[in-house]
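Peer 1: What follows is a single structure, and I will ask about it in a moment.
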Amino acid sequence: MAKNEDQNKVFIDALTQHNVYLQRLATSAVGDLSKAFDEAMSEHSVDILRALEGMTDTEKKLFAGGSYTTSRLKSFRDLLVSIAKIIVDTLSPLFRKSGEDLAQYEGNYTRRLAGEKKDKSNGAKLYALAVAVPFAGGVLAKNIIPKIATDTRNKIEQVIRDGVSSGQTNTDIIKRIMGSRDLGYQD
């Protein structure tokens with residue numbers, strides 16, 4: 001009986017240690033992605049502010065109504081599209097790298113559980129296999145970052161439209177998009 005309890009304790013300790021490492025890895029990956037996203041948005045919030053300040057009241061009303069009929073509005077739409085592309089270009093490599101690191105760790109962990117002594121899992125290959133299988137609900141990993149970029153672009157447009165139609169200042173609109181300095185841009 002004591003041997004079973006010792007084996008159970010070893011097993012539970014190993015799972016606990018594994019869980020702790022996974023939490024640290026996930027926290028680090030999310031932190032890196034969040035920081036990169038915030039930096040990309042921060043850099044381009046100035047561009048959004050400049051574009052808003054260059055619009056006439058009529059152009060703002062047209063934008064609020066979903067029209068991109070003037071050259072300034074078309075340029076603004078292109079700016080928002082380019083911001084979404086920058087988000088994809090910035091976050092995709094970080095997402096892939098964190099996924100490969102996780103796959104490498106999990107592959108080696110599984111090998112050790114199976115009694116193999118050497119860590120020889122290839123994170124890139126394991127990651128490629130993992131992203132080829134849909135998550136619950138049918139979502140593919142390769143579509144997550146582009147969806148975040150598209151959703152972000154849509155939210156930015158909605159906040160700007162709402163701000164313009166409710167008479168907010170350009171600075172207030174940007175603050176709604178980025179958050180305030182007082183709260184570390186987390187609001």
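For the structure tokens, the naming scheme is as follows: chains receive sequential letters (A, B, ...) according to their order of presentation, residues are indexed from 1 within each chain, and ligands are indexed from 1 in presentation order.
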Any idea what's packed within 9 Å of segment 13-24 of chain A, counting only C-alpha atoms, ignoring anything in its chain fewer than 6 positions away? Could you give it as a list in words?
Peer 2: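 Counting only C-alpha atoms, the residues come to Leu102, Tyr105 and Tyr109 of chain A.
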Peer 1: Next, write the just-selected residues to a file, as a PDB file, in the first residue's frame, keeping all heavy atoms as the atom set.
Peer 2:
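Heads up, here's the output in result-v3.pdb:
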ATOM      1  N   LEU A 102       6.042  25.477 -26.972  1.00  0.00           N
ATOM      2  CA  LEU A 102       5.131  24.626 -26.216  1.00  0.00           C
ATOM      3  C   LEU A 102       5.136  23.201 -26.770  1.00  0.00           C
ATOM      4  O   LEU A 102       5.196  22.230 -26.010  1.00  0.00           O
ATOM      5  CB  LEU A 102       3.711  25.193 -26.247  1.00  0.00           C
ATOM      6  CG  LEU A 102       2.638  24.329 -25.583  1.00  0.00           C
ATOM      7  CD1 LEU A 102       2.935  24.122 -24.105  1.00  0.00           C
ATOM      8  CD2 LEU A 102       1.269  24.951 -25.775  1.00  0.00           C
ATOM      9  N   TYR A 105       8.320  21.455 -25.722  1.00  0.00           N
ATOM     10  CA  TYR A 105       8.270  21.068 -24.312  1.00  0.00           C
ATOM     11  C   TYR A 105       7.353  19.871 -24.107  1.00  0.00           C
ATOM     12  O   TYR A 105       7.714  18.901 -23.431  1.00  0.00           O
ATOM     13  CB  TYR A 105       7.802  22.242 -23.441  1.00  0.00           C
ATOM     14  CG  TYR A 105       7.628  21.836 -22.005  1.00  0.00           C
ATOM     15  CD1 TYR A 105       8.733  21.658 -21.178  1.00  0.00           C
ATOM     16  CD2 TYR A 105       6.365  21.587 -21.486  1.00  0.00           C
ATOM     17  CE1 TYR A 105       8.577  21.250 -19.866  1.00  0.00           C
ATOM     18  CE2 TYR A 105       6.205  21.181 -20.168  1.00  0.00           C
ATOM     19  CZ  TYR A 105       7.312  21.015 -19.364  1.00  0.00           C
ATOM     20  OH  TYR A 105       7.159  20.593 -18.063  1.00  0.00           O
ATOM     21  N   TYR A 109       8.390  16.225 -22.842  1.00  0.00           N
ATOM     22  CA  TYR A 109       7.763  15.765 -21.597  1.00  0.00           C
ATOM     23  C   TYR A 109       7.139  14.388 -21.811  1.00  0.00           C
ATOM     24  O   TYR A 109       7.307  13.479 -20.995  1.00  0.00           O
ATOM     25  CB  TYR A 109       6.708  16.783 -21.150  1.00  0.00           C
ATOM     26  CG  TYR A 109       5.958  16.369 -19.906  1.00  0.00           C
ATOM     27  CD1 TYR A 109       6.537  16.481 -18.649  1.00  0.00           C
ATOM     28  CD2 TYR A 109       4.669  15.848 -19.993  1.00  0.00           C
ATOM     29  CE1 TYR A 109       5.852  16.100 -17.504  1.00  0.00           C
ATOM     30  CE2 TYR A 109       3.978  15.471 -18.857  1.00  0.00           C
ATOM     31  CZ  TYR A 109       4.569  15.590 -17.613  1.00  0.00           C
ATOM     32  OH  TYR A 109       3.894  15.205 -16.489  1.00  0.00           O
TER      33      TYR A 109
END
Peer 1: Identify, with DSSP run on backbone atoms, the residues in segment 37-77 of chain A assigned to helix (DSSP H, G or I), and express the list as a PyMOL selection string.
Peer 2: chain A and resi 37-54+57-64+71-77
Peer 1: Report the distance between atom CA of Ala26 of chain A and atom CA of Asp101 of chain A in Å, rounded to one decimal place.
Peer 2: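 Separating atom CA of Ala26 of chain A from atom CA of Asp101 of chain A is a distance of 10.4 Å.
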Peer 1: Using only C-alpha atoms for the distances, tell me which of A:Gln158, A:Ser34, A:Asn8, A:Thr27 is nearest to Leu91 of chain A.
Peer 2: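 The closest residue to Leu91 of chain A is A:Ser34.
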Peer 1: So that I can see what lies close to Val131 of chain A, please list as a PyMOL selection string the residues with an atom at most 8 Å from it, counting only C-alpha atoms and leaving out residues fewer than 4 positions away in the same chain.
Peer 2: chain A and resi 127+140-142
Peer 1: Write a file of the just-selected residues containing all heavy atoms, as a compact mmCIF listing (two decimals), in the first residue's frame.
Peer 2:
# COMPACT_ATOMS: atom_id res chain seq x y z
N TYR A 127 4.41 21.48 -33.91
CA TYR A 127 3.50 22.62 -34.03
C TYR A 127 2.74 22.55 -35.36
O TYR A 127 1.52 22.75 -35.39
CB TYR A 127 4.27 23.94 -33.93
CG TYR A 127 3.42 25.16 -34.14
CD1 TYR A 127 2.57 25.61 -33.14
CD2 TYR A 127 3.46 25.87 -35.33
CE1 TYR A 127 1.77 26.74 -33.33
CE2 TYR A 127 2.67 27.00 -35.52
CZ TYR A 127 1.83 27.42 -34.52
OH TYR A 127 1.05 28.53 -34.71
N LEU A 140 -9.17 26.97 -36.62
CA LEU A 140 -7.79 26.60 -36.92
C LEU A 140 -6.85 27.63 -36.31
O LEU A 140 -7.12 28.83 -36.36
CB LEU A 140 -7.56 26.54 -38.43
CG LEU A 140 -8.27 25.42 -39.18
CD1 LEU A 140 -8.12 25.59 -40.68
CD2 LEU A 140 -7.73 24.06 -38.74
N ALA A 141 -5.74 27.17 -35.75
CA ALA A 141 -4.78 28.06 -35.11
C ALA A 141 -4.28 29.13 -36.07
O ALA A 141 -4.09 30.29 -35.69
CB ALA A 141 -3.62 27.27 -34.54
N LYS A 142 -4.10 28.76 -37.34
CA LYS A 142 -3.57 29.72 -38.31
C LYS A 142 -4.53 30.89 -38.56
O LYS A 142 -4.13 31.92 -39.09
CB LYS A 142 -3.21 29.03 -39.62
CG LYS A 142 -4.40 28.53 -40.40
CD LYS A 142 -3.97 27.85 -41.68
CE LYS A 142 -5.19 27.38 -42.46
NZ LYS A 142 -4.78 26.74 -43.69
